[in-house]
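Novice: Here it is, the structure in full.
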Amino acid sequence: MRDQAAPYEVECQRNIWVPMPDGVRLAARLWLPVGADGPVPAIFEYIPYRKSDGMSARDALVHPFFATHGYACLRIDIRGSGDSEGLLADEYTPQEQADALIALEWIAAQPWCNGRIGMMGISWGGFNALQIAALRPPQLEAIITVGSTDDRYADDVHYMGGCPLSANLTWSQTFFADLSRPPDPEVVGARWRDMWMERVDNAQLFIAEWTRHPLRDAYWQRGSVCEDFSRIEVPVLAVGGWSDSYTNAVPRLVRGLPRVAKGLIGPWGHDYPHLAVPGPQIDFLSECLRWWDRWLKRRDNSVEAEPTMRLWLQDELPADAAHTERPGRWVGFDAWPSPDVTTQALYLGDDTLGMEPPQAGELRHLSPLDCGFGAGEWCAYGVAADQPTDQREDDARSLCFDTAPLGEDLASVGQPVLHLEFAVDRPRAMVAVRLNDLAPDGSSARVSYGLFNLNHIEGHERAVALEPGRRYAIDIPLCDIAHRFKAGHRIRVAVSTSYWPTAWPAPEAATLSLFTGAARLDLPVWQPGPGSRFLPEMNPPHAPPPEPRSTLRAGSFRRELSSDLVSCLRRTHVRLDYGDERIEPSGMVLGRINDETYDVIAGVPLSARIETGWVMIMSRGDWSIRTQSVAQMTHDIDGFRITAGLDLFEGENRVKTRKWDIKIPRESLLPQDTINNVKHPED
């Protein structure tokens, strides 16, 4: 295969082995430029998502491009995943990082590598690119991190503002189901079944360990590079998307890293920007190539002179969960934070949001537990209508504060922060804050949001019992944005005491007293100045030819919201059927079906329940494998209960069953007399 604009043909070695000191071998796919004049730099992606089948389609749309331009590219399965040997115990372990350091040494010593290596990846691969960079291996000279975070507690799938996320379970079981599949017999040979059984016999429910750490403790600090940004000395290109859930890290990385750091945020969901929905997609591979050419081939191509931050300034967001394009324009900032972004204070009044503090007052509110049905998925991929819907139904279940119609366009770029003064009538409580764009026709589009576990009022390292009736003050950060509110539209702040099914509700329904007068939204406002400007459109996407695949059974996606007027049960059901397809180069047939159900009774916090299940098939000729997994999570006043099961089949014969039933206590609340650093307006 060959890119028409590139100088090299590509040789793909579908499997090579990378040896570890303990005898374990990691499985890798290697793309090499044919006819390169001597050794070349290498690009390394390191993830647990099965290079032989699970991610082979996406890998084919990334790595061959770089190989055609004179790079050796490796996709390595992490220990215990895909075709690699050994066991995988958790995310981002010391073992994973130690293996990566050995792999870098091994790559640098190969005759096709000149010793200069870059790491790249999205999500897990973006995480460990940052984490490995912080270990300062001498072979690593630059990284590209996409859809990742510098803070595993603040901005990963587990917690948001200290609130436990429902995605903590659904992602855990997606990953668990993936790891429950065997390696490819054509790669590992007759050992495939022994390797499969070893993995399943040692499998643990990841959700259990993640739920046991509700506070930002050493468990989450491990792998959070924000603990010491100075550890990362290589150039970093950090990339995110406004429809993704990992974008808040990009401004923090650009602001905090000590060396060259560039940020790029588009409208995209959780995918590489030349593949992501919603668009517009861009020629991301060429962006990466310029980065690699500068730092791995040491060409003076002026990437340092480009804007420090490039953002897609979104125009009016359609209140549509399945839109594929978002209108807007590219904006460049020479520095971040930018002096061209200032803060506009908007004060919360009696249904109003204004520039002057209103008369002090008190508003009391208790949201129904089905407030949040318009949220979409915590992490949107641009499939199955997973983006936020029209917010009017959730707005009706919230306290809402609106500006007057805007007299002119207002561009907000940065992180909004709500300064809230409140009291509650229960010792446990949470709050959700949404920033919405209210159109003249009444439609309401979510621009940003934030969650906060109010028991973390002292910080996410400890939880304290709230004193009912006592007045507190807290700052609630919302997700970063770049959005233009149009003239004639209103800006709305919506505050609720629940946000299901995005986050688990507090175990008791807590009424919130919101005190107006000093409560305000700090909105970052951008006006073009000497340090920022509109940029030209970016080039459209380009990618290598896709991996040849044949559809054997078409898939379908469904997302249903329902209400039972007798029981007051509100249900969200998502079914993702990816169909069956054959990978032509290997002959492997793959199929995946996922069902997720989220239940809650509007006035009963302890009724919240999630069930998620996967069916996965693999076959080639007479060899046929099926795995079926299911997990359910509920809660009571004392904690969470997780039940799960896994069944493995060879043909129609069930060969293994495993079951789990785990109870995990809630975070312990410290008594009120331990509070010594909380802001109390009346003090």
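Chain labels A, B, ... are given in the sequence in which chains occur in the structure tokens; within each chain residues are numbered consecutively from 1, and ligands are likewise numbered from 1 in the order shown.
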Skip A:Asp638 itself and residues of its chain fewer than 5 positions away, then list as an mmCIF file with N, CA and C atoms, in the first residue's frame all residues within 10 Å of it, counting only C-alpha atoms.
Specialist:
```
data_model
loop_
_atom_site.group_PDB
_atom_site.id
_atom_site.type_symbol
_atom_site.label_atom_id
_atom_site.label_comp_id
_atom_site.auth_asym_id
_atom_site.auth_seq_id
_atom_site.Cartn_x
_atom_site.Cartn_y
_atom_site.Cartn_z
ATOM 1 N N PRO A 507 -27.797 9.141 48.767
ATOM 2 C CA PRO A 507 -28.710 8.123 49.283
ATOM 3 C C PRO A 507 -29.997 8.682 49.885
ATOM 4 N N LYS A 663 -20.061 -6.174 48.053
ATOM 5 C CA LYS A 663 -20.631 -5.002 48.720
ATOM 6 C C LYS A 663 -19.496 -4.071 49.121
ATOM 7 N N ILE A 664 -19.676 -2.800 48.845
ATOM 8 C CA ILE A 664 -18.626 -1.805 49.109
ATOM 9 C C ILE A 664 -19.238 -0.660 49.898
ATOM 10 N N PRO A 665 -18.719 -0.332 51.074
ATOM 11 C CA PRO A 665 -19.289 0.757 51.875
ATOM 12 C C PRO A 665 -19.138 2.112 51.169
ATOM 13 N N ARG A 666 -20.041 3.013 51.501
ATOM 14 C CA ARG A 666 -19.899 4.390 51.034
ATOM 15 C C ARG A 666 -18.698 5.049 51.706
ATOM 16 N N GLU A 667 -18.277 6.159 51.122
ATOM 17 C CA GLU A 667 -17.196 6.906 51.751
ATOM 18 C C GLU A 667 -17.624 7.341 53.148
ATOM 19 N N SER A 668 -16.707 7.254 54.094
ATOM 20 C CA SER A 668 -16.997 7.650 55.463
ATOM 21 C C SER A 668 -17.006 9.165 55.572
#
```
Novice: Excluding stretch 187-189 of chain A and its own-chain neighbours fewer than 2 positions away, which residues fall within 10 Å of it when counting only C-alpha atoms? Please give them as a PyMOL selection string.
Specialist: chain A and resi 14-16+27+52+83-85+183-185+191-193+195
Novice: Of the candidates A:Arg626, A:Ala100, A:Leu289, A:Gln527, which one gets nearest to A:Val655 if we count only C-alpha atoms?
Specialist: A:Arg626
Novice: Neighbours of A:Asp394 within 6 Å (only C-alpha atoms; same-chain residues fewer than 3 positions away dropped), as a count of residues only?
Specialist: 4
Novice: What's the 8 Å shell around A:Thr572, counting only C-alpha atoms, without same-chain residues fewer than 3 positions away, as a PyMOL selection string?
Specialist: chain A and resi 373+559-562+596-599
